[in-house]
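As provided, my_file10.cif (mmCIF, N, CA, C and O atoms) reads as follows.
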```cif
data_start
loop_
_atom_site.group_PDB
_atom_site.id
_atom_site.type_symbol
_atom_site.label_atom_id
_atom_site.label_comp_id
_atom_site.auth_asym_id
_atom_site.auth_seq_id
_atom_site.Cartn_x
_atom_site.Cartn_y
_atom_site.Cartn_z
ATOM 1 N N MET A 1341 -0.464 32.856 -24.402
ATOM 2 C CA MET A 1341 -0.310 31.413 -24.385
ATOM 3 C C MET A 1341 -1.342 30.835 -25.355
ATOM 4 O O MET A 1341 -2.513 31.218 -25.339
ATOM 5 N N LYS A 1342 -0.905 29.911 -26.164
ATOM 6 C CA LYS A 1342 -1.813 29.245 -27.104
ATOM 7 C C LYS A 1342 -2.826 28.401 -26.329
ATOM 8 O O LYS A 1342 -2.532 27.892 -25.244
ATOM 9 N N SER A 1343 -4.002 28.257 -26.904
ATOM 10 C CA SER A 1343 -5.054 27.508 -26.211
ATOM 11 C C SER A 1343 -4.672 26.040 -26.012
ATOM 12 O O SER A 1343 -5.046 25.440 -24.999
ATOM 13 N N GLU A 1344 -3.912 25.469 -26.946
ATOM 14 C CA GLU A 1344 -3.475 24.072 -26.794
ATOM 15 C C GLU A 1344 -2.556 23.918 -25.582
ATOM 16 O O GLU A 1344 -2.631 22.934 -24.843
ATOM 17 N N THR A 1345 -1.696 24.923 -25.380
ATOM 18 C CA THR A 1345 -0.782 24.895 -24.234
ATOM 19 C C THR A 1345 -1.560 25.024 -22.942
ATOM 20 O O THR A 1345 -1.329 24.280 -21.982
ATOM 21 N N ARG A 1346 -2.505 25.961 -22.921
ATOM 22 C CA ARG A 1346 -3.336 26.154 -21.727
ATOM 23 C C ARG A 1346 -4.132 24.886 -21.416
ATOM 24 O O ARG A 1346 -4.217 24.468 -20.259
ATOM 25 N N THR A 1347 -4.682 24.268 -22.437
ATOM 26 C CA THR A 1347 -5.443 23.038 -22.250
ATOM 27 C C THR A 1347 -4.561 21.937 -21.669
ATOM 28 O O THR A 1347 -4.967 21.229 -20.737
ATOM 29 N N ALA A 1348 -3.359 21.787 -22.203
ATOM 30 C CA ALA A 1348 -2.436 20.760 -21.706
ATOM 31 C C ALA A 1348 -2.073 21.020 -20.249
ATOM 32 O O ALA A 1348 -2.029 20.090 -19.429
ATOM 33 N N LEU A 1349 -1.816 22.292 -19.907
ATOM 34 C CA LEU A 1349 -1.475 22.624 -18.523
ATOM 35 C C LEU A 1349 -2.655 22.392 -17.589
ATOM 36 O O LEU A 1349 -2.478 21.891 -16.472
ATOM 37 N N LEU A 1350 -3.852 22.727 -18.032
ATOM 38 C CA LEU A 1350 -5.039 22.476 -17.209
ATOM 39 C C LEU A 1350 -5.275 20.981 -17.005
ATOM 40 O O LEU A 1350 -5.625 20.548 -15.898
ATOM 41 N N GLN A 1351 -5.068 20.195 -18.046
ATOM 42 C CA GLN A 1351 -5.228 18.745 -17.907
ATOM 43 C C GLN A 1351 -4.209 18.186 -16.924
ATOM 44 O O GLN A 1351 -4.543 17.331 -16.090
ATOM 45 N N ALA A 1352 -2.975 18.678 -17.001
ATOM 46 C CA ALA A 1352 -1.940 18.244 -16.051
ATOM 47 C C ALA A 1352 -2.323 18.662 -14.638
ATOM 48 O O ALA A 1352 -2.183 17.876 -13.690
ATOM 49 N N TYR A 1353 -2.806 19.887 -14.499
ATOM 50 C CA TYR A 1353 -3.207 20.412 -13.201
ATOM 51 C C TYR A 1353 -4.284 19.530 -12.554
ATOM 52 O O TYR A 1353 -4.136 19.080 -11.423
ATOM 53 N N PHE A 1354 -5.353 19.262 -13.305
ATOM 54 C CA PHE A 1354 -6.442 18.462 -12.741
ATOM 55 C C PHE A 1354 -6.044 16.999 -12.549
ATOM 56 O O PHE A 1354 -6.464 16.355 -11.581
ATOM 57 N N GLY A 1355 -5.225 16.476 -13.450
ATOM 58 C CA GLY A 1355 -4.748 15.107 -13.298
ATOM 59 C C GLY A 1355 -3.876 14.946 -12.063
ATOM 60 O O GLY A 1355 -4.026 13.983 -11.294
ATOM 61 N N LEU A 1356 -2.977 15.904 -11.851
ATOM 62 C CA LEU A 1356 -2.122 15.850 -10.666
ATOM 63 C C LEU A 1356 -2.923 16.036 -9.388
ATOM 64 O O LEU A 1356 -2.630 15.390 -8.377
ATOM 65 N N GLN A 1357 -3.939 16.889 -9.428
ATOM 66 C CA GLN A 1357 -4.800 17.040 -8.253
ATOM 67 C C GLN A 1357 -5.417 15.703 -7.854
ATOM 68 O O GLN A 1357 -5.478 15.360 -6.674
ATOM 69 N N ARG A 1358 -5.863 14.960 -8.846
ATOM 70 C CA ARG A 1358 -6.480 13.658 -8.574
ATOM 71 C C ARG A 1358 -5.450 12.674 -7.992
ATOM 72 O O ARG A 1358 -5.747 11.940 -7.040
ATOM 73 N N VAL A 1359 -4.259 12.670 -8.549
ATOM 74 C CA VAL A 1359 -3.198 11.790 -8.045
ATOM 75 C C VAL A 1359 -2.858 12.150 -6.603
ATOM 76 O O VAL A 1359 -2.705 11.264 -5.749
ATOM 77 N N VAL A 1360 -2.745 13.444 -6.327
ATOM 78 C CA VAL A 1360 -2.442 13.900 -4.965
ATOM 79 C C VAL A 1360 -3.537 13.437 -4.008
ATOM 80 O O VAL A 1360 -3.250 12.899 -2.929
ATOM 81 N N PHE A 1361 -4.791 13.626 -4.396
ATOM 82 C CA PHE A 1361 -5.910 13.190 -3.559
ATOM 83 C C PHE A 1361 -5.815 11.688 -3.283
ATOM 84 O O PHE A 1361 -5.966 11.247 -2.139
ATOM 85 N N ASP A 1362 -5.554 10.911 -4.330
ATOM 86 C CA ASP A 1362 -5.465 9.450 -4.178
ATOM 87 C C ASP A 1362 -4.309 9.055 -3.266
ATOM 88 O O ASP A 1362 -4.438 8.138 -2.445
ATOM 89 N N LEU A 1363 -3.178 9.738 -3.406
ATOM 90 C CA LEU A 1363 -2.021 9.418 -2.552
ATOM 91 C C LEU A 1363 -2.304 9.761 -1.086
ATOM 92 O O LEU A 1363 -1.941 8.994 -0.187
ATOM 93 N N TYR A 1364 -2.934 10.904 -0.847
ATOM 94 C CA TYR A 1364 -3.280 11.247 0.540
ATOM 95 C C TYR A 1364 -4.285 10.249 1.114
ATOM 96 O O TYR A 1364 -4.173 9.853 2.278
ATOM 97 N N ALA A 1365 -5.239 9.819 0.316
ATOM 98 C CA ALA A 1365 -6.208 8.826 0.779
ATOM 99 C C ALA A 1365 -5.515 7.500 1.089
ATOM 100 O O ALA A 1365 -5.805 6.860 2.110
ATOM 101 N N ALA A 1366 -4.600 7.097 0.229
ATOM 102 C CA ALA A 1366 -3.859 5.853 0.468
ATOM 103 C C ALA A 1366 -2.977 5.982 1.705
ATOM 104 O O ALA A 1366 -2.843 5.023 2.485
ATOM 105 N N SER A 1367 -2.407 7.158 1.910
ATOM 106 C CA SER A 1367 -1.585 7.395 3.097
ATOM 107 C C SER A 1367 -2.417 7.283 4.366
ATOM 108 O O SER A 1367 -1.998 6.655 5.345
ATOM 109 N N GLU A 1368 -3.602 7.869 4.336
ATOM 110 C CA GLU A 1368 -4.480 7.786 5.496
ATOM 111 C C GLU A 1368 -4.899 6.346 5.781
ATOM 112 O O GLU A 1368 -4.920 5.906 6.934
ATOM 113 N N ALA A 1369 -5.195 5.595 4.719
ATOM 114 C CA ALA A 1369 -5.567 4.186 4.894
ATOM 115 C C ALA A 1369 -4.403 3.386 5.478
ATOM 116 O O ALA A 1369 -4.600 2.551 6.370
ATOM 117 N N ALA A 1370 -3.202 3.657 4.981
ATOM 118 C CA ALA A 1370 -2.024 2.956 5.505
ATOM 119 C C ALA A 1370 -1.810 3.311 6.974
ATOM 120 O O ALA A 1370 -1.488 2.435 7.791
ATOM 121 N N PHE A 1371 -2.000 4.570 7.321
ATOM 122 C CA PHE A 1371 -1.855 4.993 8.712
ATOM 123 C C PHE A 1371 -2.865 4.287 9.606
ATOM 124 O O PHE A 1371 -2.518 3.812 10.693
ATOM 125 N N GLU A 1372 -4.097 4.203 9.134
ATOM 126 C CA GLU A 1372 -5.136 3.522 9.914
ATOM 127 C C GLU A 1372 -4.848 2.034 10.080
ATOM 128 O O GLU A 1372 -5.290 1.423 11.049
ATOM 129 N N ASN A 1373 -4.095 1.462 9.129
ATOM 130 C CA ASN A 1373 -3.703 0.053 9.222
ATOM 131 C C ASN A 1373 -2.374 -0.126 9.938
ATOM 132 O O ASN A 1373 -1.794 -1.206 9.938
ATOM 133 N N ASN A 1374 -1.896 0.974 10.529
ATOM 134 C CA ASN A 1374 -0.647 0.971 11.288
ATOM 135 C C ASN A 1374 0.583 0.681 10.424
ATOM 136 O O ASN A 1374 1.596 0.201 10.923
ATOM 137 N N ASP A 1375 0.487 0.958 9.135
ATOM 138 C CA ASP A 1375 1.628 0.840 8.228
ATOM 139 C C ASP A 1375 2.281 2.213 8.115
ATOM 140 O O ASP A 1375 2.136 2.930 7.125
ATOM 141 N N LEU A 1376 3.009 2.578 9.170
ATOM 142 C CA LEU A 1376 3.495 3.948 9.285
ATOM 143 C C LEU A 1376 4.530 4.315 8.227
ATOM 144 O O LEU A 1376 4.535 5.441 7.731
ATOM 145 N N SER A 1377 5.395 3.383 7.862
ATOM 146 C CA SER A 1377 6.399 3.710 6.843
ATOM 147 C C SER A 1377 5.741 3.923 5.482
ATOM 148 O O SER A 1377 6.114 4.844 4.737
ATOM 149 N N ASP A 1378 4.752 3.094 5.155
ATOM 150 C CA ASP A 1378 4.026 3.284 3.892
ATOM 151 C C ASP A 1378 3.243 4.596 3.923
ATOM 152 O O ASP A 1378 3.226 5.336 2.929
ATOM 153 N N ALA A 1379 2.604 4.888 5.036
ATOM 154 C CA ALA A 1379 1.843 6.130 5.160
ATOM 155 C C ALA A 1379 2.745 7.340 4.966
ATOM 156 O O ALA A 1379 2.389 8.289 4.259
ATOM 157 N N SER A 1380 3.912 7.289 5.552
ATOM 158 C CA SER A 1380 4.864 8.388 5.424
ATOM 159 C C SER A 1380 5.347 8.551 3.986
ATOM 160 O O SER A 1380 5.433 9.667 3.471
ATOM 161 N N LEU A 1381 5.661 7.440 3.340
ATOM 162 C CA LEU A 1381 6.113 7.480 1.949
ATOM 163 C C LEU A 1381 5.030 8.052 1.040
ATOM 164 O O LEU A 1381 5.296 8.932 0.216
ATOM 165 N N LEU A 1382 3.812 7.588 1.194
ATOM 166 C CA LEU A 1382 2.706 8.067 0.365
ATOM 167 C C LEU A 1382 2.444 9.556 0.591
ATOM 168 O O LEU A 1382 2.245 10.320 -0.364
ATOM 169 N N ALA A 1383 2.465 9.981 1.841
ATOM 170 C CA ALA A 1383 2.234 11.395 2.151
ATOM 171 C C ALA A 1383 3.359 12.263 1.602
ATOM 172 O O ALA A 1383 3.114 13.359 1.086
ATOM 173 N N SER A 1384 4.572 11.774 1.677
ATOM 174 C CA SER A 1384 5.714 12.521 1.162
ATOM 175 C C SER A 1384 5.606 12.737 -0.345
ATOM 176 O O SER A 1384 5.842 13.834 -0.858
ATOM 177 N N ARG A 1385 5.235 11.689 -1.065
ATOM 178 C CA ARG A 1385 5.064 11.813 -2.528
ATOM 179 C C ARG A 1385 3.902 12.745 -2.848
ATOM 180 O O ARG A 1385 3.977 13.555 -3.773
ATOM 181 N N ALA A 1386 2.830 12.650 -2.073
ATOM 182 C CA ALA A 1386 1.688 13.537 -2.280
ATOM 183 C C ALA A 1386 2.089 14.986 -2.049
ATOM 184 O O ALA A 1386 1.702 15.876 -2.817
ATOM 185 N N ASP A 1387 2.882 15.234 -1.013
ATOM 186 C CA ASP A 1387 3.339 16.593 -0.724
ATOM 187 C C ASP A 1387 4.144 17.173 -1.884
ATOM 188 O O ASP A 1387 3.953 18.328 -2.268
ATOM 189 N N LYS A 1388 5.036 16.371 -2.442
ATOM 190 C CA LYS A 1388 5.863 16.827 -3.581
ATOM 191 C C LYS A 1388 4.989 17.155 -4.793
ATOM 192 O O LYS A 1388 5.195 18.169 -5.455
ATOM 193 N N LEU A 1389 4.057 16.285 -5.083
ATOM 194 C CA LEU A 1389 3.181 16.531 -6.231
ATOM 195 C C LEU A 1389 2.243 17.708 -5.977
ATOM 196 O O LEU A 1389 1.928 18.463 -6.903
ATOM 197 N N TYR A 1390 1.839 17.899 -4.735
ATOM 198 C CA TYR A 1390 1.001 19.043 -4.396
ATOM 199 C C TYR A 1390 1.736 20.350 -4.675
ATOM 200 O O TYR A 1390 1.142 21.314 -5.165
ATOM 201 N N GLU A 1391 3.040 20.373 -4.393
ATOM 202 C CA GLU A 1391 3.846 21.553 -4.707
ATOM 203 C C GLU A 1391 3.802 21.844 -6.205
ATOM 204 O O GLU A 1391 3.712 23.009 -6.614
ATOM 205 N N GLU A 1392 3.857 20.822 -7.023
ATOM 206 C CA GLU A 1392 3.791 21.009 -8.471
ATOM 207 C C GLU A 1392 2.412 21.504 -8.899
ATOM 208 O O GLU A 1392 2.304 22.345 -9.801
ATOM 209 N N VAL A 1393 1.373 21.022 -8.255
ATOM 210 C CA VAL A 1393 0.018 21.517 -8.542
ATOM 211 C C VAL A 1393 -0.045 23.014 -8.235
ATOM 212 O O VAL A 1393 -0.581 23.797 -9.031
ATOM 213 N N GLU A 1394 0.501 23.413 -7.100
ATOM 214 C CA GLU A 1394 0.512 24.830 -6.744
ATOM 215 C C GLU A 1394 1.288 25.651 -7.777
ATOM 216 O O GLU A 1394 0.871 26.749 -8.152
ATOM 217 N N ASN A 1395 2.425 25.128 -8.230
ATOM 218 C CA ASN A 1395 3.228 25.828 -9.235
ATOM 219 C C ASN A 1395 2.463 25.979 -10.548
ATOM 220 O O ASN A 1395 2.529 27.031 -11.191
ATOM 221 N N LEU A 1396 1.767 24.936 -10.953
ATOM 222 C CA LEU A 1396 0.962 25.020 -12.169
ATOM 223 C C LEU A 1396 -0.156 26.054 -12.011
ATOM 224 O O LEU A 1396 -0.451 26.809 -12.945
ATOM 225 N N ASP A 1397 -0.759 26.093 -10.857
ATOM 226 C CA ASP A 1397 -1.818 27.059 -10.593
ATOM 227 C C ASP A 1397 -1.280 28.480 -10.732
ATOM 228 O O ASP A 1397 -1.891 29.331 -11.396
ATOM 229 N N ILE A 1398 -0.146 28.745 -10.143
ATOM 230 C CA ILE A 1398 0.478 30.074 -10.240
ATOM 231 C C ILE A 1398 0.798 30.405 -11.686
ATOM 232 O O ILE A 1398 0.523 31.516 -12.153
ATOM 233 N N LEU A 1399 1.356 29.458 -12.405
ATOM 234 C CA LEU A 1399 1.688 29.680 -13.804
ATOM 235 C C LEU A 1399 0.453 30.009 -14.622
ATOM 236 O O LEU A 1399 0.448 30.958 -15.406
ATOM 237 N N LEU A 1400 -0.610 29.249 -14.429
ATOM 238 C CA LEU A 1400 -1.843 29.495 -15.166
ATOM 239 C C LEU A 1400 -2.425 30.875 -14.864
ATOM 240 O O LEU A 1400 -2.890 31.573 -15.753
ATOM 241 N N ILE A 1401 -2.392 31.263 -13.602
ATOM 242 C CA ILE A 1401 -2.905 32.578 -13.225
ATOM 243 C C ILE A 1401 -2.063 33.680 -13.864
ATOM 244 O O ILE A 1401 -2.592 34.648 -14.413
ATOM 245 N N GLU A 1402 -0.743 33.531 -13.809
ATOM 246 C CA GLU A 1402 0.142 34.532 -14.394
ATOM 247 C C GLU A 1402 -0.049 34.627 -15.903
ATOM 248 O O GLU A 1402 -0.033 35.722 -16.462
ATOM 249 N N MET A 1403 -0.239 33.504 -16.553
ATOM 250 C CA MET A 1403 -0.364 33.495 -18.005
ATOM 251 C C MET A 1403 -1.716 34.061 -18.459
ATOM 252 O O MET A 1403 -1.828 34.564 -19.555
ATOM 253 N N GLU A 1404 -2.734 34.002 -17.602
ATOM 254 C CA GLU A 1404 -4.034 34.576 -17.945
ATOM 255 C C GLU A 1404 -3.948 36.097 -18.029
ATOM 256 O O GLU A 1404 -4.663 36.719 -18.789
ATOM 257 N N GLY A 1405 -3.025 36.676 -17.254
ATOM 258 C CA GLY A 1405 -2.866 38.114 -17.245
ATOM 259 C C GLY A 1405 -2.159 38.666 -18.468
ATOM 260 O O GLY A 1405 -2.136 39.874 -18.690
ATOM 261 N N GLU A 1406 -1.587 37.807 -19.260
ATOM 262 C CA GLU A 1406 -0.840 38.259 -20.437
ATOM 263 C C GLU A 1406 -1.703 38.339 -21.673
ATOM 264 O O GLU A 1406 -2.667 37.731 -21.856
#
```

Just dump the structure as structure tokens.
Amino acid sequence: MKSETRTALLQAYFGLQRVVFDLYAASEAAFENNDLSDASLLASRADKLYEEVENLDILLIEMEGE
């Protein structure tokens, strides 16, 4: 893998991690404010993006072995 590609994937990985963290924090705040539908929506989006973070992590690990 070219270093530019690895750099782009790492930037996406860390950027998505931050977004996931922010969404989970917003979900928790909404839950504490008894906004259950908003909390559920935020957590659901965070869960989906977390799956993508995991996929990027696996890809990066696999590509390091090549």

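A straight line drawn from CA of Ala1352 (chain A) to CA of Ser1377 (chain A) is 28.4 Å long.
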
Legend entry - Residues in the PyMOL selection byres (((chain A and resi 1391-1403 and name CA) around 8) and name CA), expressed as a list in words: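 After applying the PyMOL selection byres (((chain A and resi 1391-1403 and name CA) around 8) and name CA), what remains is Met1341, Arg1346, Leu1349, Leu1350, Tyr1353, Leu1356, Gln1357, Asp1387, Lys1388, Leu1389, Tyr1390, Glu1404, Gly1405 and Glu1406 of chain A.
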
Legend entry - Gap from CA of Asp1362 (chain A) to CA of Thr1347 (chain A) - Å, one decimal: 22.6 Å

Inset, instruction - I need the residue set behind the PyMOL selection byres ((chain A and resi 1379) around 7) for this file; please write it as a list in words. - result: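 For this structure, the PyMOL selection byres ((chain A and resi 1379) around 7) captures Leu1363, Ala1366, Ser1367, Glu1368, Ala1369, Ala1370, Phe1371, Asp1375, Leu1376, Ser1377, Asp1378, Ser1380, Leu1381, Leu1382, Ala1383, Ser1384 and Arg1385 of chain A.
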
Give, as JSON, the centre coordinates and the x, y and z edge lengths in Å to one decimal for an axis-aligned box around all listed atoms of region 1393-1396 of chain A, padded by 6 Å on each side.
```
{"center_x": 1.3, "center_y": 24.0, "center_z": -9.8, "size_x": 15.8, "size_y": 18.0, "size_z": 18.2}
```

Inset, instruction - Report the distance between atom C of Ala1386 (chain A) and atom N of Val1360 (chain A) in Å, rounded to one decimal place. - result: 6.6 Å
